[in-house]
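**Student:** Here you go, this is my_file-v1.csv (CSV, C-alpha atoms).
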```
chain,number,residue,atom,x,y,z
A,247,MET,CA,36.8,-20.8,-5.3
A,248,ALA,CA,37.2,-17.1,-5.1
A,249,GLY,CA,33.6,-16.6,-5.9
A,250,ARG,CA,32.7,-18.5,-2.7
A,251,ASP,CA,35.0,-16.6,-0.5
A,252,CYS,CA,32.4,-13.9,0.1
A,253,LEU,CA,30.2,-16.5,1.8
A,254,VAL,CA,33.1,-17.7,4.0
A,255,THR,CA,34.1,-14.1,4.9
A,256,ASN,CA,30.4,-13.1,5.3
A,257,ASP,CA,30.6,-10.1,3.1
A,258,TRP,CA,27.7,-7.7,2.7
A,259,ILE,CA,27.8,-8.0,-1.1
A,260,CYS,CA,28.1,-11.5,-2.3
A,261,GLY,CA,27.4,-12.7,-5.9
A,262,GLU,CA,27.6,-16.3,-4.8
A,263,TYR,CA,24.8,-15.8,-2.4
A,264,LEU,CA,22.6,-14.4,-5.2
A,265,ARG,CA,23.4,-17.4,-7.5
A,266,SER,CA,23.0,-20.1,-4.8
A,267,ARG,CA,19.8,-18.6,-3.2
A,268,SER,CA,18.1,-17.2,-6.3
A,269,GLN,CA,15.0,-19.4,-6.0
A,270,GLU,CA,14.7,-18.6,-2.3
A,271,LEU,CA,14.8,-14.9,-3.1
A,272,ILE,CA,12.2,-15.3,-5.9
A,273,ASP,CA,9.9,-17.2,-3.6
A,274,ALA,CA,10.1,-14.6,-0.8
A,275,THR,CA,9.6,-11.8,-3.3
A,276,VAL,CA,6.5,-13.4,-4.8
A,277,GLN,CA,5.1,-14.0,-1.3
A,278,HIS,CA,5.8,-10.3,-0.4
A,279,ILE,CA,4.1,-9.0,-3.5
A,280,GLY,CA,1.1,-11.3,-3.0
A,281,ILE,CA,0.5,-10.3,0.6
A,282,THR,CA,1.0,-6.6,-0.2
A,283,ALA,CA,-1.3,-6.7,-3.2
A,284,ALA,CA,-4.1,-8.6,-1.4
A,285,ALA,CA,-3.9,-6.3,1.6
A,286,VAL,CA,-4.1,-3.1,-0.5
A,287,ALA,CA,-6.9,-4.5,-2.7
A,288,ILE,CA,-9.0,-5.5,0.3
A,289,GLY,CA,-8.2,-2.2,2.0
A,290,LEU,CA,-9.6,-0.3,-1.0
A,291,VAL,CA,-12.8,-2.4,-0.9
A,292,VAL,CA,-13.3,-1.7,2.8
A,293,ALA,CA,-12.2,1.9,2.8
A,294,PHE,CA,-14.5,3.0,-0.1
A,295,PRO,CA,-17.8,2.5,1.7
A,296,LEU,CA,-16.4,3.9,4.9
A,297,ALA,CA,-15.3,7.1,3.1
A,298,LEU,CA,-18.7,7.4,1.5
A,299,LEU,CA,-20.4,7.0,4.9
A,300,ALA,CA,-18.1,9.6,6.5
A,301,ARG,CA,-18.7,12.0,3.6
A,302,SER,CA,-22.5,11.6,3.3
A,303,ARG,CA,-23.3,11.3,7.0
A,304,PRO,CA,-21.2,13.9,8.9
A,305,ARG,CA,-22.2,12.5,12.2
A,306,PHE,CA,-20.3,9.3,11.3
A,307,ALA,CA,-17.2,11.1,10.0
A,308,GLY,CA,-15.7,11.5,13.5
A,309,PRO,CA,-16.1,7.9,14.6
A,310,VAL,CA,-15.0,6.5,11.3
A,311,LEU,CA,-11.8,8.6,11.1
A,312,GLY,CA,-11.2,8.2,14.8
A,313,LEU,CA,-11.4,4.4,14.6
A,314,THR,CA,-9.1,4.1,11.6
A,315,THR,CA,-6.6,6.3,13.3
A,316,VAL,CA,-6.7,4.3,16.5
A,317,LEU,CA,-6.1,1.1,14.6
A,318,TYR,CA,-2.9,2.6,13.1
A,319,THR,CA,-1.5,3.3,16.5
A,320,ILE,CA,-1.7,-0.3,17.6
A,321,PRO,CA,1.8,-1.9,17.5
A,322,SER,CA,2.1,-4.6,14.9
A,323,LEU,CA,2.9,-7.3,17.4
A,324,ALA,CA,-0.1,-6.5,19.5
A,325,MET,CA,-2.3,-6.3,16.3
A,326,PHE,CA,-1.3,-9.8,15.2
A,327,SER,CA,-1.7,-11.1,18.7
A,328,LEU,CA,-5.3,-9.8,18.8
A,329,LEU,CA,-6.1,-11.3,15.4
A,330,LEU,CA,-4.4,-14.6,16.2
A,331,PRO,CA,-7.5,-16.3,17.8
A,332,PHE,CA,-9.5,-15.6,14.6
A,333,PHE,CA,-7.0,-16.5,11.9
A,334,GLY,CA,-4.3,-18.6,13.4
A,335,LEU,CA,-0.7,-18.6,12.0
A,336,SER,CA,-1.8,-18.0,8.5
A,337,ALA,CA,-1.3,-15.5,5.7
A,338,ALA,CA,-4.9,-14.2,6.4
A,339,LEU,CA,-3.6,-13.0,9.8
A,340,VAL,CA,-1.0,-10.8,8.2
A,341,VAL,CA,-3.2,-9.6,5.4
A,342,THR,CA,-6.0,-8.6,7.8
A,343,GLY,CA,-3.6,-6.7,10.0
A,344,LEU,CA,-2.2,-4.9,7.0
A,345,VAL,CA,-5.7,-4.1,5.8
A,346,LEU,CA,-6.5,-2.5,9.1
A,347,TYR,CA,-3.4,-0.4,9.0
A,348,SER,CA,-4.1,0.8,5.4
A,349,LEU,CA,-7.5,2.1,6.3
A,350,THR,CA,-6.2,5.2,8.1
A,351,ILE,CA,-4.5,6.5,4.9
A,352,LEU,CA,-7.1,5.3,2.4
A,353,VAL,CA,-10.2,6.5,4.2
A,354,ARG,CA,-8.7,9.9,4.9
A,355,ASN,CA,-7.6,10.5,1.4
A,356,MET,CA,-10.8,9.3,-0.1
A,357,VAL,CA,-12.8,11.7,2.1
A,358,ALA,CA,-10.5,14.6,1.4
A,359,GLY,CA,-10.6,13.9,-2.3
A,360,LEU,CA,-14.4,13.7,-2.4
A,361,GLU,CA,-14.8,16.8,-0.3
A,362,ALA,CA,-12.5,18.8,-2.6
A,363,VAL,CA,-14.8,18.3,-5.6
A,364,PRO,CA,-16.1,21.8,-6.5
A,365,ALA,CA,-19.7,22.4,-5.5
A,366,GLU,CA,-20.3,24.0,-9.0
A,367,ALA,CA,-19.4,20.7,-10.6
A,368,ARG,CA,-21.9,18.9,-8.5
A,369,GLU,CA,-24.6,21.5,-9.2
A,370,ALA,CA,-24.0,21.4,-12.9
A,371,ALA,CA,-24.3,17.6,-13.0
A,372,ARG,CA,-27.5,17.7,-11.0
A,373,GLY,CA,-28.8,20.3,-13.3
A,374,MET,CA,-28.2,17.9,-16.2
A,375,GLY,CA,-30.3,15.2,-14.4
A,376,TYR,CA,-27.5,13.2,-12.8
A,377,GLY,CA,-28.7,10.9,-10.0
A,378,ARG,CA,-26.6,10.3,-6.9
A,379,ALA,CA,-24.9,7.2,-8.2
A,380,ARG,CA,-24.1,8.7,-11.6
A,381,LEU,CA,-22.9,11.9,-10.0
A,382,LEU,CA,-20.5,9.8,-7.8
A,383,TRP,CA,-19.1,7.6,-10.6
A,384,GLU,CA,-19.0,10.1,-13.5
A,385,VAL,CA,-18.2,13.4,-11.7
A,386,GLU,CA,-17.0,13.1,-8.1
A,387,LEU,CA,-14.7,10.1,-8.4
A,388,PRO,CA,-12.9,11.3,-11.6
A,389,LEU,CA,-12.3,14.8,-10.0
A,390,ALA,CA,-11.2,13.2,-6.7
A,391,LEU,CA,-8.9,10.7,-8.4
A,392,PRO,CA,-5.6,12.5,-7.9
A,393,ALA,CA,-6.2,12.6,-4.1
A,394,LEU,CA,-7.4,9.0,-4.1
A,395,MET,CA,-4.3,7.8,-6.1
A,396,ALA,CA,-2.0,9.7,-3.8
A,397,GLY,CA,-3.5,7.9,-0.8
A,398,LEU,CA,-3.2,4.6,-2.6
A,399,ARG,CA,0.5,5.2,-3.4
A,400,ILE,CA,1.2,6.0,0.3
A,401,ALA,CA,-0.8,3.0,1.5
A,402,THR,CA,1.0,0.7,-0.9
A,403,VAL,CA,4.5,1.8,0.0
A,404,SER,CA,3.6,1.6,3.7
A,405,THR,CA,2.2,-1.9,3.2
A,406,VAL,CA,5.3,-3.1,1.4
A,407,ALA,CA,7.3,-2.1,4.5
A,408,LEU,CA,4.9,-3.5,7.1
A,409,THR,CA,4.6,-6.8,5.3
A,410,THR,CA,8.1,-7.7,6.6
A,411,VAL,CA,6.6,-7.7,10.1
A,412,GLY,CA,4.6,-10.8,9.1
A,413,SER,CA,7.9,-12.7,9.5
A,414,ILE,CA,6.9,-13.3,13.2
A,415,VAL,CA,4.4,-15.8,11.9
A,416,GLY,CA,6.5,-16.9,8.9
A,417,ARG,CA,4.4,-14.9,6.4
A,418,GLY,CA,6.6,-11.9,5.9
A,419,GLY,CA,7.9,-12.4,2.4
A,420,LEU,CA,11.4,-10.8,2.3
A,421,GLY,CA,11.0,-10.2,6.0
A,422,ASN,CA,11.4,-13.9,6.6
A,423,LEU,CA,14.9,-13.8,5.0
A,424,ILE,CA,15.8,-10.8,7.2
A,425,GLU,CA,14.6,-12.5,10.4
A,426,ASP,CA,16.3,-15.8,9.5
A,427,ALA,CA,19.6,-14.0,8.8
A,428,LEU,CA,19.8,-11.9,11.9
A,429,PRO,CA,20.7,-14.5,14.6
A,430,SER,CA,23.8,-15.5,12.6
A,431,PHE,CA,24.2,-12.0,11.2
A,432,PHE,CA,24.3,-13.3,7.6
A,433,LYS,CA,25.2,-10.0,6.0
A,434,ALA,CA,24.5,-10.8,2.4
A,435,GLN,CA,21.0,-12.1,3.1
A,436,VAL,CA,20.1,-9.2,5.3
A,437,LEU,CA,21.3,-6.6,2.7
A,438,THR,CA,19.8,-8.4,-0.3
A,439,ALA,CA,16.4,-8.8,1.3
A,440,SER,CA,16.4,-5.2,2.5
A,441,VAL,CA,17.4,-3.9,-0.9
A,442,LEU,CA,14.7,-6.0,-2.6
A,443,CYS,CA,12.1,-4.6,-0.2
A,444,VAL,CA,13.1,-1.0,-1.0
A,445,LEU,CA,13.1,-1.8,-4.7
A,446,LEU,CA,9.6,-3.3,-4.4
A,447,ALA,CA,8.3,-0.1,-2.7
A,448,VAL,CA,9.9,2.1,-5.4
A,449,ALA,CA,8.6,0.0,-8.2
A,450,ALA,CA,5.1,-0.1,-6.8
A,451,ASP,CA,5.1,3.7,-6.3
A,452,LEU,CA,6.3,4.3,-9.9
A,453,LEU,CA,3.7,1.8,-11.3
A,454,LEU,CA,0.9,3.6,-9.4
A,455,LEU,CA,2.2,7.0,-10.5
A,456,GLY,CA,2.1,5.8,-14.1
A,457,VAL,CA,-1.5,4.5,-13.6
A,458,GLN,CA,-2.4,7.9,-12.1
A,459,ARG,CA,-1.0,9.8,-15.1
A,460,LEU,CA,-3.0,7.5,-17.5
A,461,LEU,CA,-6.2,8.0,-15.6
A,462,THR,CA,-5.8,11.8,-15.1
A,463,PRO,CA,-4.6,13.1,-18.4
A,464,TRP,CA,-6.1,16.6,-17.7
A,465,THR,CA,-3.5,17.1,-14.9
A,466,ARG,CA,-0.7,17.1,-17.5
A,467,ILE,CA,-2.2,19.7,-19.7
A,468,PRO,CA,-0.2,22.9,-19.3
A,469,ALA,CA,-2.0,26.2,-18.6
A,470,ALA,CA,-2.4,28.6,-21.5
A,471,GLY,CA,0.0,31.0,-19.9
A,472,THR,CA,2.6,28.4,-19.6
A,473,ARG,CA,2.3,27.4,-23.3
A,474,GLY,CA,2.5,31.0,-24.3
A,475,ALA,CA,5.7,31.5,-22.3
A,476,HIS,CA,7.4,28.9,-24.5
```
Show the structure stored in the file as C-alpha cells.
**Tutor:**
Amino acid sequence: MAGRDCLVTNDWICGEYLRSRSQELIDATVQHIGITAAAVAIGLVVAFPLALLARSRPRFAGPVLGLTTVLYTIPSLAMFSLLLPFFGLSAALVVTGLVLYSLTILVRNMVAGLEAVPAEAREAARGMGYGRARLLWEVELPLALPALMAGLRIATVSTVALTTVGSIVGRGGLGNLIEDALPSFFKAQVLTASVLCVLLAVAADLLLLGVQRLLTPWTRIPAAGTRGAH
C-alpha cells in the first residue's frame, strides 16, 4: 500500500508509476527513437547533395544556406500547419518537419568541413590521377569527417528535443506523455518522460561520439612533442 501512496500524493518520483506504466514508457521511447532516427537519416540524405551543390557552385551557396536558415526560424506549430495539407495527422508530418529543421545544421557543417580540406591534399590526389568522385569519397570526405560528425551530433540532439513537439498531432514519442500529464499535472509522468528524453539525447550523442572516434583514429594520435613530454 505504501508503494502506491506516491501516486495518491502525486509525487515527482514514484516507483509505482514506473512499474505500472512500464509498457507505456517503452512504447513512447521506441516511437521517439524511431521518429528521431528517421528524421536524421533522411536529413543526411537531403543535406549531402545540397552541401555538394553549395560547395561546387558558389552562386548557389547563398540561396541554399539562406533557405535552410529560414526554415529553421519557422516556429514548429507553423511548420506542422504548413505541412498538414500534404501529410495529414501522421508520423510523416513530424518526420518531414524535423528533416527541414535539421538541414540548417547538417548543410552548414558539411560545407564547412569540405571547404576546410587542405588544397594541398586535393592537388596531391589529382596528381595521382584521382577523378572527382574518387577525390570526394577517398580524400575530401575522410578529412571532413570530424566536422561532419560534429554537425550530425548537434542535429541529432536537437532532433531528440524537437520530436516532443510532435505531440500536437499525437506523434511526439515521450512528448505525448508530457502533454497528456500537463492538464492534470501528473508529476511523476512529466518528470519521467522529461528525464528519458534527456537520457536519449545524451545516449545518442555519446554513441555518435564513439562512432566518430572509430572512423577518425588519426585524431587520437598524440603529437610527437606530446609523446616526448611523457
**Student:** Give me the residues near range 362-366 of chain A as a PDB file with C-alpha atoms, keeping the file's coordinate frame, where near means some atom within 7 Å (using all atoms listed in the file) and where sequence neighbours in that chain fewer than 4 positions away do not count.
**Tutor:**
```pdb
ATOM      1  CA  ALA A 358     -10.500  14.600   1.400  1.00  0.00           C
ATOM      2  CA  ALA A 370     -24.000  21.400 -12.900  1.00  0.00           C
ATOM      3  CA  GLU A 386     -17.000  13.100  -8.100  1.00  0.00           C
ATOM      4  CA  LEU A 389     -12.300  14.800 -10.000  1.00  0.00           C
ATOM      5  CA  ALA A 390     -11.200  13.200  -6.700  1.00  0.00           C
TER       6      ALA A 390
END
```
**Student:** Can you pull out every residue within 12 Å of Ile400 in chain A, counting only C-alpha atoms, but drop anything in the same chain fewer than 5 positions away, and send it as a ChimeraX atom specification?
**Tutor:** /A:286,347-352,354-355,393-395,405-407,447-448,450-452,454-455
**Student:** Can you tell me which residues surround Leu423 in chain A at a distance of at most 12 Å, considering all atoms listed in the file, apart from same-chain residues fewer than 5 positions away, and format the answer as an MDAnalysis selection string?
**Tutor:** chainID A and resid 267 270:275 277:278 410:414 416:418 428:443
**Student:** What is the CA of Phe326 in chain A to CA of Gly343 in chain A distance in Å?
**Tutor:** 6.5 Å
**Student:** One decimal, Å: what's the distance from CA of Ala396 in chain A over to CA of Leu323 in chain A, could you say?
**Tutor:**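 These two atoms are separated by 27.6 Å.
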**Student:** Taking only C-alpha atoms into account, name the residue in A:Leu420, A:Ala293, A:Ala324, A:Leu264 that is nearest to Val345 in chain A.
**Tutor:** A:Ala293
**Student:** Rebuild range 389-411 of chain A to N, CA, C and O atoms - output it as a tab-separated table (two decimals), in the coordinates of the input, please.
**Tutor:**
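Wrote it out as part-v7.tsv, contents follow:
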```
chain	number	residue	atom	x	y	z
A	389	LEU	N	-12.90	13.54	-10.49
A	389	LEU	CA	-12.30	14.80	-10.00
A	389	LEU	C	-11.47	14.50	-8.71
A	389	LEU	O	-10.49	15.21	-8.43
A	390	ALA	N	-11.87	13.50	-7.94
A	390	ALA	CA	-11.20	13.20	-6.70
A	390	ALA	C	-10.01	12.21	-6.93
A	390	ALA	O	-9.25	11.93	-6.00
A	391	LEU	N	-9.86	11.73	-8.15
A	391	LEU	CA	-8.90	10.70	-8.40
A	391	LEU	C	-7.45	11.03	-8.04
A	391	LEU	O	-6.74	10.17	-7.50
A	392	PRO	N	-6.96	12.24	-8.29
A	392	PRO	CA	-5.60	12.50	-7.90
A	392	PRO	C	-5.35	12.32	-6.38
A	392	PRO	O	-4.33	11.74	-5.97
A	393	ALA	N	-6.29	12.76	-5.55
A	393	ALA	CA	-6.20	12.60	-4.10
A	393	ALA	C	-6.28	11.08	-3.74
A	393	ALA	O	-5.56	10.58	-2.87
A	394	LEU	N	-7.19	10.37	-4.42
A	394	LEU	CA	-7.40	9.00	-4.10
A	394	LEU	C	-6.10	8.17	-4.51
A	394	LEU	O	-5.66	7.29	-3.75
A	395	MET	N	-5.50	8.49	-5.65
A	395	MET	CA	-4.30	7.80	-6.10
A	395	MET	C	-3.11	8.13	-5.17
A	395	MET	O	-2.27	7.28	-4.90
A	396	ALA	N	-3.06	9.37	-4.70
A	396	ALA	CA	-2.00	9.70	-3.80
A	396	ALA	C	-2.08	8.90	-2.50
A	396	ALA	O	-1.07	8.39	-1.99
A	397	GLY	N	-3.30	8.72	-1.98
A	397	GLY	CA	-3.50	7.90	-0.80
A	397	GLY	C	-3.15	6.44	-1.07
A	397	GLY	O	-2.55	5.76	-0.23
A	398	LEU	N	-3.50	5.95	-2.26
A	398	LEU	CA	-3.20	4.60	-2.60
A	398	LEU	C	-1.70	4.34	-2.71
A	398	LEU	O	-1.19	3.30	-2.26
A	399	ARG	N	-0.99	5.30	-3.25
A	399	ARG	CA	0.50	5.20	-3.40
A	399	ARG	C	1.11	5.11	-1.97
A	399	ARG	O	1.98	4.28	-1.70
A	400	ILE	N	0.68	5.99	-1.08
A	400	ILE	CA	1.20	6.00	0.30
A	400	ILE	C	0.91	4.70	0.99
A	400	ILE	O	1.76	4.10	1.65
A	401	ALA	N	-0.34	4.26	0.87
A	401	ALA	CA	-0.80	3.00	1.50
A	401	ALA	C	0.01	1.81	1.01
A	401	ALA	O	0.38	0.91	1.77
A	402	THR	N	0.26	1.79	-0.29
A	402	THR	CA	1.00	0.70	-0.90
A	402	THR	C	2.42	0.61	-0.42
A	402	THR	O	2.93	-0.46	-0.03
A	403	VAL	N	3.10	1.73	-0.45
A	403	VAL	CA	4.50	1.80	0.00
A	403	VAL	C	4.58	1.41	1.47
A	403	VAL	O	5.48	0.66	1.90
A	404	SER	N	3.65	1.91	2.26
A	404	SER	CA	3.60	1.60	3.70
A	404	SER	C	3.38	0.09	3.90
A	404	SER	O	4.01	-0.53	4.77
A	405	THR	N	2.51	-0.49	3.10
A	405	THR	CA	2.20	-1.90	3.20
A	405	THR	C	3.39	-2.78	2.85
A	405	THR	O	3.64	-3.83	3.46
A	406	VAL	N	4.13	-2.36	1.82
A	406	VAL	CA	5.30	-3.10	1.40
A	406	VAL	C	6.29	-3.19	2.62
A	406	VAL	O	6.87	-4.25	2.90
A	407	ALA	N	6.44	-2.09	3.34
A	407	ALA	CA	7.30	-2.10	4.50
A	407	ALA	C	6.76	-2.92	5.64
A	407	ALA	O	7.48	-3.72	6.27
A	408	LEU	N	5.46	-2.77	5.92
A	408	LEU	CA	4.90	-3.50	7.10
A	408	LEU	C	4.73	-4.98	6.82
A	408	LEU	O	4.66	-5.74	7.79
A	409	THR	N	4.71	-5.39	5.57
A	409	THR	CA	4.60	-6.80	5.30
A	409	THR	C	5.76	-7.60	5.92
A	409	THR	O	5.59	-8.76	6.32
A	410	THR	N	6.91	-6.98	6.03
A	410	THR	CA	8.10	-7.70	6.60
A	410	THR	C	7.79	-8.11	8.05
A	410	THR	O	8.36	-9.09	8.52
A	411	VAL	N	6.90	-7.39	8.74
A	411	VAL	CA	6.60	-7.70	10.10
A	411	VAL	C	5.89	-9.09	10.21
A	411	VAL	O	5.93	-9.76	11.24
```
